[in-house]
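Here is the structure we will look at, set down as structure tokens.
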Amino acid sequence: MEKRNAEIAADFSDYRFNSAEGGNSAKAVMTRGISYAYVKECLKEHPEIKLIRIGTAFPFPEDFVLRALEGVHEVLCLEELSPYVEEQLLKMIGRHHLPVQVSGKLNAKVPHNGENSVELSAIILSDYLGTDIGASVIDVTDAPALPARPPVMCAGCPHRASFYAVKQAMKGQKAIFCGDIGCYTLGNAMPLDMVDTCLCMGAGITMAQGFSHLQDDTTCFAFVGDSTFFASGMTGVVNAVYNEADMILCVLDNSTTAMTGHQPHPGTGRNMMGNFVDKVDIAKVLEGIGVKKILTVDPLSLEESIAAVRECAAEKGVRAIIFKSPCIAL
Ligand code: SF4
């Protein structure tokens with residue numbers, strides 16, 4: 001692999017998206033990704049500045065960069081995320097003992113955090129080049145603010161119905177709603193406001209049982225999708241049953257892994273190779289673990305769902321409600 005990487009790096013050195021444009025200035029700018037577009041926008045009135053674009057950062061196209069650095073004494077690396085190109089460049093300069101200075105994130109000329117923009121690039125470039133290049137940037141200060149557009153669940157998503165049923169059933173009572181990772185994480189937004197915690201896959205179940213040991217006066221709910229249940233939810237249920245937690249597990253079974261692209265999971269009946277196989281039954285898994293009360297309802301049947309939540313809320317121990325309705329995208 002190491003040998004192959006070296007060969008790929010050599011190939012990349014002739015790749016057209018690794019390019020040097022502009023003039024032959026002693027001060028050059030090296031950039032990659034979206035930052036290239038920002039810098040190009042900023043430098044449109046300064047064609048004399050050499051602009052080196054890294055289209056393939058790994059393996060680093062060293063031969064190309066060596067050619068591009070001819071006549072260059074100083075390079076500003078303008079990139080987002082980690083200073084990857086900057087570090088590769090510094091190593092390469094060290095190896096070849098080149099008299100080239102490098103600026104960027106590592107000497108605080110470019111911010112370590114946040115995203116770049118045309119405006120920010122203009123400020124950084126003006127400082128680096130010692131000339132105000134801001135005039136070439138389009139002034140958008142008078143533009144109206146964009147409307148907020150937070151992500152929402154699809155129209156007809158069964159998760160909305162499940163959350164609504166629990167919300168209605170628990171109105172006026174002290175409850176905590178532990179969420180998990182999936183489309184249903186979007187239940188955190190108003191008006192649902194049904195995700196009090198969200199940590200990592202399966203953590204809704206383990207957090208709910210933790211709270212149940214500390215807060216006697218609170219009904220502790222854990223919401224988990226069918227896919228997450230199989231991925232890392234089951235182990236938490238074992239712990240909850242074995243350590244006598246007092247919680248209501250809500251499995252939001254939409255028969256798919258919706259958020260990441262409808263991949264199969266053990267409850268879908270179609271495996272990784274596309275073969276039809278026996279489904280692993282969530283209710284039977286829960287029964288096997290030792291959950292004594294397991295109700296299955298259709299969340300689109302509101303009254304039935306509210307009644308199921310109320311029935312479980314009136315009891316103690318680990319109770320489970322499987323809200324079963326397919327993702328609308330299916
Ligand atoms: S993809 Fe499916 S599960 Fe996800 S928000 Fe849309 S309807 Fe709901």
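FYI, nothing fancy with the structure tokens labels: chains A, B, ... in order, residues from 1 per chain, ligands from 1 as they appear.
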May I have the residues within 7 Å of Asn5 of chain A as a ChimeraX atom specification, using only C-alpha atoms and disregarding those fewer than 4 positions away in the same chain? /A:1,9,59
Please produce a file of the residues just selected, as a PDB file, in the first residue's frame, where the atoms kept are C-alpha atoms.
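After the write, result_39.pdb holds the following:
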ATOM      1  CA  MET A   1       0.000   0.000   0.000  1.00  0.00           C
ATOM      2  CA  ALA A   9       1.034  10.631  -5.553  1.00  0.00           C
ATOM      3  CA  PRO A  59      -1.437  11.145  -1.189  1.00  0.00           C
TER       4      PRO A  59
END
Per residue of chain A within 8 Å of ligand 1, what are the shortest atom pair and its distance in Å to one decimal, counting only C-alpha atoms and all ligand atoms, with rows by chain and residue number, as JSON lines?
{"residue": "A:Val152", "atom": "CA", "partner": "ligand 1", "partner_atom_place_in_ligand_line": "5 (S)", "distance": 7.1}
{"residue": "A:Met153", "atom": "CA", "partner": "ligand 1", "partner_atom_place_in_ligand_line": "5 (S)", "distance": 3.8}
{"residue": "A:Cys154", "atom": "CA", "partner": "ligand 1", "partner_atom_place_in_ligand_line": "6 (Fe)", "distance": 4.2}
{"residue": "A:Ala155", "atom": "CA", "partner": "ligand 1", "partner_atom_place_in_ligand_line": "7 (S)", "distance": 6.9}
{"residue": "A:Gly156", "atom": "CA", "partner": "ligand 1", "partner_atom_place_in_ligand_line": "7 (S)", "distance": 6.3}
{"residue": "A:Cys157", "atom": "CA", "partner": "ligand 1", "partner_atom_place_in_ligand_line": "7 (S)", "distance": 3.7}
{"residue": "A:Pro158", "atom": "CA", "partner": "ligand 1", "partner_atom_place_in_ligand_line": "8 (Fe)", "distance": 6.1}
{"residue": "A:His159", "atom": "CA", "partner": "ligand 1", "partner_atom_place_in_ligand_line": "8 (Fe)", "distance": 6.0}
{"residue": "A:Arg160", "atom": "CA", "partner": "ligand 1", "partner_atom_place_in_ligand_line": "8 (Fe)", "distance": 7.7}
{"residue": "A:Gly182", "atom": "CA", "partner": "ligand 1", "partner_atom_place_in_ligand_line": "4 (Fe)", "distance": 7.5}
{"residue": "A:Cys183", "atom": "CA", "partner": "ligand 1", "partner_atom_place_in_ligand_line": "4 (Fe)", "distance": 4.5}
{"residue": "A:Tyr184", "atom": "CA", "partner": "ligand 1", "partner_atom_place_in_ligand_line": "3 (S)", "distance": 6.9}
{"residue": "A:Leu186", "atom": "CA", "partner": "ligand 1", "partner_atom_place_in_ligand_line": "5 (S)", "distance": 7.9}
{"residue": "A:Asn254", "atom": "CA", "partner": "ligand 1", "partner_atom_place_in_ligand_line": "3 (S)", "distance": 6.5}
{"residue": "A:Thr257", "atom": "CA", "partner": "ligand 1", "partner_atom_place_in_ligand_line": "3 (S)", "distance": 7.9}
{"residue": "A:Ala258", "atom": "CA", "partner": "ligand 1", "partner_atom_place_in_ligand_line": "1 (S)", "distance": 4.9}
{"residue": "A:Met259", "atom": "CA", "partner": "ligand 1", "partner_atom_place_in_ligand_line": "4 (Fe)", "distance": 5.5}
{"residue": "A:Pro326", "atom": "CA", "partner": "ligand 1", "partner_atom_place_in_ligand_line": "2 (Fe)", "distance": 7.6}
{"residue": "A:Cys327", "atom": "CA", "partner": "ligand 1", "partner_atom_place_in_ligand_line": "2 (Fe)", "distance": 3.9}
{"residue": "A:Ile328", "atom": "CA", "partner": "ligand 1", "partner_atom_place_in_ligand_line": "7 (S)", "distance": 4.3}
{"residue": "A:Ala329", "atom": "CA", "partner": "ligand 1", "partner_atom_place_in_ligand_line": "2 (Fe)", "distance": 5.2}
{"residue": "A:Leu330", "atom": "CA", "partner": "ligand 1", "partner_atom_place_in_ligand_line": "2 (Fe)", "distance": 7.4}
Can you tell me, as JSON, numbers by chain, what residues are no more than 10 Å from segment 36-49 of chain A when counting only C-alpha atoms, ignoring any on the same chain fewer than 3 positions away? {"A": [21, 22, 23, 24, 25, 26, 27, 28, 29, 30, 31, 32, 33, 52, 53, 54, 55, 78, 79, 116, 117, 118, 119, 120, 121, 122, 123, 124, 125, 126, 129, 133, 134, 135, 136, 137, 138]}
Please identify all polymer residues within 7 Å of segment 261-278 of chain A, counting only C-alpha atoms, omitting same-chain residues fewer than 5 positions from it, and present them as an MDAnalysis selection string. chainID A and resid 227 230 255:256
Print the selection's residues with C-alpha atoms to a file, as a PDB file, in the first residue's frame.
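After the write, again_18.pdb holds the following:
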ATOM      1  CA  SER A 227     -32.498  -0.192  13.572  1.00  0.00           C
ATOM      2  CA  PHE A 230     -30.684  -3.916  16.999  1.00  0.00           C
ATOM      3  CA  SER A 255     -39.300  -1.106   9.375  1.00  0.00           C
ATOM      4  CA  THR A 256     -36.135   0.487   8.036  1.00  0.00           C
TER       5      THR A 256
END
List the spatial neighbours of segment 161-171 of chain A as number ranges by chain - criterion: any atom at most 6 Å away, only C-alpha atoms, same-chain residues fewer than 2 positions off excluded. A: 158-159, 173, 299-300, 305-306, 310
Dump C-alpha atoms for the selected residues as an mmCIF file, in the first residue's frame?
data_model
loop_
_atom_site.group_PDB
_atom_site.id
_atom_site.type_symbol
_atom_site.label_atom_id
_atom_site.label_comp_id
_atom_site.auth_asym_id
_atom_site.auth_seq_id
_atom_site.Cartn_x
_atom_site.Cartn_y
_atom_site.Cartn_z
ATOM 1 C CA PRO A 158 -45.059 7.969 11.872
ATOM 2 C CA HIS A 159 -42.537 9.214 14.455
ATOM 3 C CA GLN A 173 -47.167 14.767 34.531
ATOM 4 C CA PRO A 299 -49.035 5.258 16.136
ATOM 5 C CA LEU A 300 -51.413 6.507 13.459
ATOM 6 C CA SER A 305 -51.598 4.793 21.271
ATOM 7 C CA ILE A 306 -52.496 7.225 24.061
ATOM 8 C CA ARG A 310 -51.312 5.569 29.952
#
Would you return as a list in words the members of segment 83-237 of chain A that DSSP assigns to strand (DSSP E or B) on this structure's backbone? Gln101, Val102, Ser103, Ala175, Ile176, Phe177, Cys178, Thr197, Thr219, Cys220, Phe221, Ala222, Phe223, Val224 and Gly225 of chain A
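With atom CA of Leu98 of chain A on one side and atom CA of Leu69 of chain A on the other, the separation reads 9.3 Å.
Compared by their closest atoms to Val318 of chain A, and using only C-alpha atoms, the residues A:Cys77, A:Ala240, A:Ala175, A:Leu286 rank with A:Ala240 nearest.
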Residue among A:Asp63, A:Asp139, A:Asp298, A:Glu287 lying closest to Asp11 of chain A, counting only C-alpha atoms: A:Asp63
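Distance check against Arg95 of chain A using only C-alpha atoms: of A:Ala313, A:Leu66, A:Ile322, A:Ala208, the minimum falls on A:Leu66.
Between Thr56 of chain A and the residues A:Val241, A:Val85, A:Ala20, A:Val291, the shortest atom-to-atom distance, using only C-alpha atoms, involves A:Val85.
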So what do you get for atom CA of Gln209 of chain A versus atom CA of Ala189 of chain A, distance-wise? 23.4 Å
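Every protein, DNA or RNA residue with an atom at most 7 Å from Ile294 of chain A, where only C-alpha atoms count and chain neighbours fewer than 3 positions away do not, is listed here: Ala283, Val291, Arg319, Ala320 and Ile321 of chain A.
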Taking the DSSP assignment computed from this structure's backbone, write out as an mmCIF file with C-alpha atoms, in the first residue's frame all residues of segment 125-285 of chain A that belong to alpha helix (DSSP H).
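Listed below is the output, selection_31.cif:
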data_model
loop_
_atom_site.group_PDB
_atom_site.id
_atom_site.type_symbol
_atom_site.label_atom_id
_atom_site.label_comp_id
_atom_site.auth_asym_id
_atom_site.auth_seq_id
_atom_site.Cartn_x
_atom_site.Cartn_y
_atom_site.Cartn_z
ATOM 1 C CA LEU A 125 -5.358 37.602 2.147
ATOM 2 C CA SER A 126 -5.208 41.378 2.728
ATOM 3 C CA ASP A 127 -3.115 40.771 5.818
ATOM 4 C CA TYR A 128 -0.870 38.277 4.038
ATOM 5 C CA LEU A 129 -0.341 40.346 0.886
ATOM 6 C CA PRO A 158 -45.059 7.969 11.872
ATOM 7 C CA HIS A 159 -42.537 9.214 14.455
ATOM 8 C CA ARG A 160 -44.456 12.451 14.771
ATOM 9 C CA ALA A 161 -47.573 10.489 15.664
ATOM 10 C CA SER A 162 -45.735 8.368 18.262
ATOM 11 C CA PHE A 163 -44.275 11.442 19.961
ATOM 12 C CA TYR A 164 -47.629 13.187 19.890
ATOM 13 C CA ALA A 165 -49.362 10.227 21.550
ATOM 14 C CA VAL A 166 -46.796 10.121 24.371
ATOM 15 C CA LYS A 167 -46.983 13.883 24.767
ATOM 16 C CA GLN A 168 -50.763 13.790 25.024
ATOM 17 C CA ALA A 169 -50.778 10.881 27.456
ATOM 18 C CA ALA A 203 -27.862 5.901 25.035
ATOM 19 C CA GLY A 204 -31.541 6.876 25.254
ATOM 20 C CA ILE A 205 -32.226 3.537 26.927
ATOM 21 C CA THR A 206 -29.279 3.649 29.300
ATOM 22 C CA MET A 207 -29.866 7.276 30.253
ATOM 23 C CA ALA A 208 -33.588 6.706 30.920
ATOM 24 C CA GLN A 209 -32.793 3.861 33.303
ATOM 25 C CA GLY A 210 -30.134 5.963 35.011
ATOM 26 C CA PHE A 211 -32.644 8.744 35.601
ATOM 27 C CA SER A 212 -35.205 6.225 36.862
ATOM 28 C CA HIS A 213 -32.884 5.211 39.706
ATOM 29 C CA LEU A 214 -32.500 8.842 40.753
ATOM 30 C CA ASP A 226 -35.891 -0.346 15.233
ATOM 31 C CA SER A 227 -32.498 -0.192 13.572
ATOM 32 C CA THR A 228 -30.796 1.404 16.581
ATOM 33 C CA MET A 234 -30.745 -4.337 23.143
ATOM 34 C CA THR A 235 -27.783 -4.386 25.515
ATOM 35 C CA GLY A 236 -29.215 -1.411 27.391
ATOM 36 C CA VAL A 237 -32.542 -3.199 27.783
ATOM 37 C CA VAL A 238 -30.752 -6.198 29.312
ATOM 38 C CA ASN A 239 -29.145 -3.874 31.833
ATOM 39 C CA ALA A 240 -32.465 -2.135 32.554
ATOM 40 C CA VAL A 241 -34.285 -5.401 33.248
ATOM 41 C CA TYR A 242 -31.466 -6.954 35.243
ATOM 42 C CA ILE A 282 -38.462 -7.091 18.403
ATOM 43 C CA ALA A 283 -41.302 -8.131 20.738
ATOM 44 C CA LYS A 284 -39.819 -11.631 21.084
ATOM 45 C CA VAL A 285 -36.361 -10.190 21.768
#
